[in-house]
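Engineer: Sharing model00.pdb (PDB, C-alpha atoms) below.
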```pdb
ATOM      1  CA  MET Q   1     -36.521 -54.575  33.709
ATOM      2  CA  ALA Q   2     -36.693 -58.362  33.668
ATOM      3  CA  ARG Q   3     -35.358 -60.226  30.676
ATOM      4  CA  LEU Q   4     -36.767 -63.322  29.041
ATOM      5  CA  ASN Q   5     -34.422 -65.643  30.927
ATOM      6  CA  ASP Q   6     -35.513 -64.216  34.308
ATOM      7  CA  ILE Q   7     -38.339 -66.674  34.958
ATOM      8  CA  GLY Q   8     -37.920 -67.114  38.703
ATOM      9  CA  GLY Q   9     -41.256 -67.802  40.390
ATOM     10  CA  THR Q  10     -43.134 -68.369  37.131
ATOM     11  CA  PHE Q  11     -44.864 -71.548  36.070
ATOM     12  CA  GLY Q  12     -46.053 -73.249  32.905
ATOM     13  CA  TYR Q  13     -42.806 -74.192  31.200
ATOM     14  CA  GLY Q  14     -43.395 -77.921  31.509
ATOM     15  CA  SER Q  15     -41.165 -80.623  32.885
ATOM     16  CA  ILE Q  16     -37.521 -81.148  32.050
ATOM     17  CA  GLU Q  17     -37.104 -84.134  29.758
ATOM     18  CA  MET Q  18     -34.451 -86.574  30.910
ATOM     19  CA  ASP Q  19     -33.235 -89.494  28.808
ATOM     20  CA  GLY Q  20     -32.489 -91.630  31.855
ATOM     21  CA  GLU Q  21     -28.741 -91.828  31.339
ATOM     22  CA  ASP Q  22     -26.054 -89.389  32.349
ATOM     23  CA  PRO Q  23     -23.679 -88.504  29.517
ATOM     24  CA  PRO Q  24     -20.069 -89.709  29.955
ATOM     25  CA  HIS Q  25     -18.956 -86.055  29.929
ATOM     26  CA  PRO Q  26     -20.642 -82.665  30.374
ATOM     27  CA  TRP Q  27     -21.402 -82.335  26.666
ATOM     28  CA  ARG Q  28     -24.120 -84.197  24.816
ATOM     29  CA  HIS Q  29     -22.506 -83.472  21.427
ATOM     30  CA  ASP Q  30     -18.893 -82.971  20.342
ATOM     31  CA  TRP Q  31     -19.658 -79.491  18.974
ATOM     32  CA  GLU Q  32     -20.639 -78.350  22.492
ATOM     33  CA  ALA Q  33     -17.154 -79.164  23.761
ATOM     34  CA  ARG Q  34     -15.668 -77.112  20.914
ATOM     35  CA  VAL Q  35     -17.941 -74.159  21.749
ATOM     36  CA  PHE Q  36     -16.795 -74.396  25.371
ATOM     37  CA  ALA Q  37     -13.126 -74.500  24.335
ATOM     38  CA  VAL Q  38     -13.506 -71.410  22.116
ATOM     39  CA  LEU Q  39     -15.445 -69.619  24.876
ATOM     40  CA  ILE Q  40     -12.671 -70.219  27.414
ATOM     41  CA  GLY Q  41      -9.870 -69.429  24.969
ATOM     42  CA  LEU Q  42     -11.357 -66.101  23.934
ATOM     43  CA  ALA Q  43     -12.164 -65.208  27.541
ATOM     44  CA  MET Q  44      -8.546 -65.910  28.523
ATOM     45  CA  ALA Q  45      -7.405 -63.758  25.596
ATOM     46  CA  GLY Q  46      -9.500 -60.892  26.984
ATOM     47  CA  VAL Q  47     -12.016 -60.799  24.126
ATOM     48  CA  TRP Q  48     -14.952 -60.863  26.570
ATOM     49  CA  THR Q  49     -15.905 -61.306  30.181
ATOM     50  CA  ALA Q  50     -18.458 -63.739  31.550
ATOM     51  CA  SER Q  51     -20.809 -60.808  32.191
ATOM     52  CA  GLU Q  52     -20.538 -59.608  28.597
ATOM     53  CA  LEU Q  53     -21.230 -63.080  27.267
ATOM     54  CA  ARG Q  54     -24.260 -63.561  29.506
ATOM     55  CA  ASP Q  55     -25.630 -60.185  28.442
ATOM     56  CA  ALA Q  56     -25.188 -61.102  24.782
ATOM     57  CA  GLU Q  57     -26.917 -64.462  25.271
ATOM     58  CA  GLU Q  58     -29.863 -62.762  26.972
ATOM     59  CA  ARG Q  59     -30.291 -60.301  24.110
ATOM     60  CA  ALA Q  60     -31.226 -63.113  21.732
ATOM     61  CA  GLU Q  61     -34.594 -62.980  20.025
ATOM     62  CA  PRO Q  62     -37.082 -64.491  22.534
ATOM     63  CA  THR Q  63     -38.335 -67.323  20.335
ATOM     64  CA  ALA Q  64     -34.793 -68.376  19.431
ATOM     65  CA  TYR Q  65     -33.684 -68.115  23.076
ATOM     66  CA  LEU Q  66     -36.495 -70.364  24.331
ATOM     67  CA  ALA Q  67     -35.987 -72.925  21.548
ATOM     68  CA  ALA Q  68     -32.206 -73.156  22.025
ATOM     69  CA  SER Q  69     -30.224 -75.543  24.176
ATOM     70  CA  TYR Q  70     -27.697 -74.178  26.679
ATOM     71  CA  TYR Q  71     -24.754 -74.378  24.282
ATOM     72  CA  GLU Q  72     -26.816 -73.035  21.390
ATOM     73  CA  ARG Q  73     -27.485 -69.943  23.555
ATOM     74  CA  VAL Q  74     -23.788 -69.676  24.367
ATOM     75  CA  LEU Q  75     -22.937 -69.894  20.674
ATOM     76  CA  MET Q  76     -25.521 -67.213  19.787
ATOM     77  CA  GLY Q  77     -24.006 -64.930  22.419
ATOM     78  CA  MET Q  78     -20.464 -65.593  21.221
ATOM     79  CA  GLU Q  79     -21.392 -64.833  17.611
ATOM     80  CA  LEU Q  80     -23.103 -61.594  18.628
ATOM     81  CA  LEU Q  81     -20.147 -60.420  20.718
ATOM     82  CA  LEU Q  82     -17.584 -61.270  18.058
ATOM     83  CA  ASP Q  83     -19.606 -59.276  15.543
ATOM     84  CA  GLU Q  84     -20.083 -56.319  17.903
ATOM     85  CA  LYS Q  85     -16.408 -56.257  18.849
ATOM     86  CA  GLY Q  86     -15.341 -56.457  15.200
ATOM     87  CA  VAL Q  87     -13.380 -59.659  15.621
ATOM     88  CA  PRO Q  88     -12.791 -60.859  12.072
ATOM     89  CA  SER Q  89     -14.040 -64.197  10.892
ATOM     90  CA  ARG Q  90     -12.644 -66.483   8.230
ATOM     91  CA  GLY Q  91     -15.777 -65.535   6.245
TER      92      GLY Q  91
END
```
In structure tokens, what does this structure look like?

Structural biologist:
Amino acid sequence: MARLNDIGGTFGYGSIEMDGEDPPHPWRHDWEARVFAVLIGLAMAGVWTASELRDAEERAEPTAYLAASYYERVLMGMELLLDEKGVPSRG
């Protein structure tokens, strides 16, 4: 069964908007770098694998998935996995 993100060979999603300038680093916003750091730290601690995280990202509600940026999708997946694995939050 194909998931929402599996759009290979389909059309109609429009062009990719580019602002004309490359960012000075891979992140457009500081919070994206923090998400990446937490992702790597928890992966190194054995909390999840890359496959688990991708699966969690792809289980997002379709409208939210399509509206989200790359790091917003990563964050949604991380939040879902932490909840499913019972990792406590500072709540």

Engineer: Please compute the CA of Met44 (chain Q)-CA of Met78 (chain Q) distance, one decimal, in Å.

Structural biologist: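 About the pair CA of Met44 (chain Q) and CA of Met78 (chain Q): they are 14.0 Å apart.
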
Engineer: Evaluate the PyMOL selection byres ((chain Q and resi 75) around 10) here and jot the selected residues down as a PDB file with C-alpha atoms, keeping the file's coordinate frame.

Structural biologist:
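The result, stored in expr-v2.pdb:
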```pdb
ATOM      1  CA  GLU Q  32     -20.639 -78.350  22.492  1.00  0.00           C
ATOM      2  CA  VAL Q  35     -17.941 -74.159  21.749  1.00  0.00           C
ATOM      3  CA  PHE Q  36     -16.795 -74.396  25.371  1.00  0.00           C
ATOM      4  CA  VAL Q  38     -13.506 -71.410  22.116  1.00  0.00           C
ATOM      5  CA  LEU Q  39     -15.445 -69.619  24.876  1.00  0.00           C
ATOM      6  CA  LEU Q  53     -21.230 -63.080  27.267  1.00  0.00           C
ATOM      7  CA  ALA Q  56     -25.188 -61.102  24.782  1.00  0.00           C
ATOM      8  CA  GLU Q  57     -26.917 -64.462  25.271  1.00  0.00           C
ATOM      9  CA  ALA Q  68     -32.206 -73.156  22.025  1.00  0.00           C
ATOM     10  CA  SER Q  69     -30.224 -75.543  24.176  1.00  0.00           C
ATOM     11  CA  TYR Q  70     -27.697 -74.178  26.679  1.00  0.00           C
ATOM     12  CA  TYR Q  71     -24.754 -74.378  24.282  1.00  0.00           C
ATOM     13  CA  GLU Q  72     -26.816 -73.035  21.390  1.00  0.00           C
ATOM     14  CA  ARG Q  73     -27.485 -69.943  23.555  1.00  0.00           C
ATOM     15  CA  VAL Q  74     -23.788 -69.676  24.367  1.00  0.00           C
ATOM     16  CA  MET Q  76     -25.521 -67.213  19.787  1.00  0.00           C
ATOM     17  CA  GLY Q  77     -24.006 -64.930  22.419  1.00  0.00           C
ATOM     18  CA  MET Q  78     -20.464 -65.593  21.221  1.00  0.00           C
ATOM     19  CA  GLU Q  79     -21.392 -64.833  17.611  1.00  0.00           C
ATOM     20  CA  LEU Q  80     -23.103 -61.594  18.628  1.00  0.00           C
ATOM     21  CA  LEU Q  81     -20.147 -60.420  20.718  1.00  0.00           C
TER      22      LEU Q  81
END
```

Engineer: Just how far from CA of Gly14 (chain Q) is CA of Thr63 (chain Q), in Å to one decimal?

Structural biologist: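 Straight-line distance from CA of Thr63 (chain Q) to CA of Gly14 (chain Q) works out to 16.2 Å.
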
Engineer: Would you compute the distance between CA of His29 (chain Q) and CA of Gly46 (chain Q)? Give it in Å to one decimal.

Structural biologist: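 For CA of His29 (chain Q) relative to CA of Gly46 (chain Q), the distance reads 26.6 Å.
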
Engineer: Can you report as AutoDock Vina command-line options the centre and edge lengths in Å, to one decimal, of an axis-aligned box around the listed atoms of region 43-55 of chain Q padded with 6 Å on each side?

Structural biologist:
```
--center_x -16.5 --center_y -62.8 --center_z 28.2 --size_x 30.2 --size_y 18.3 --size_z 20.1
```
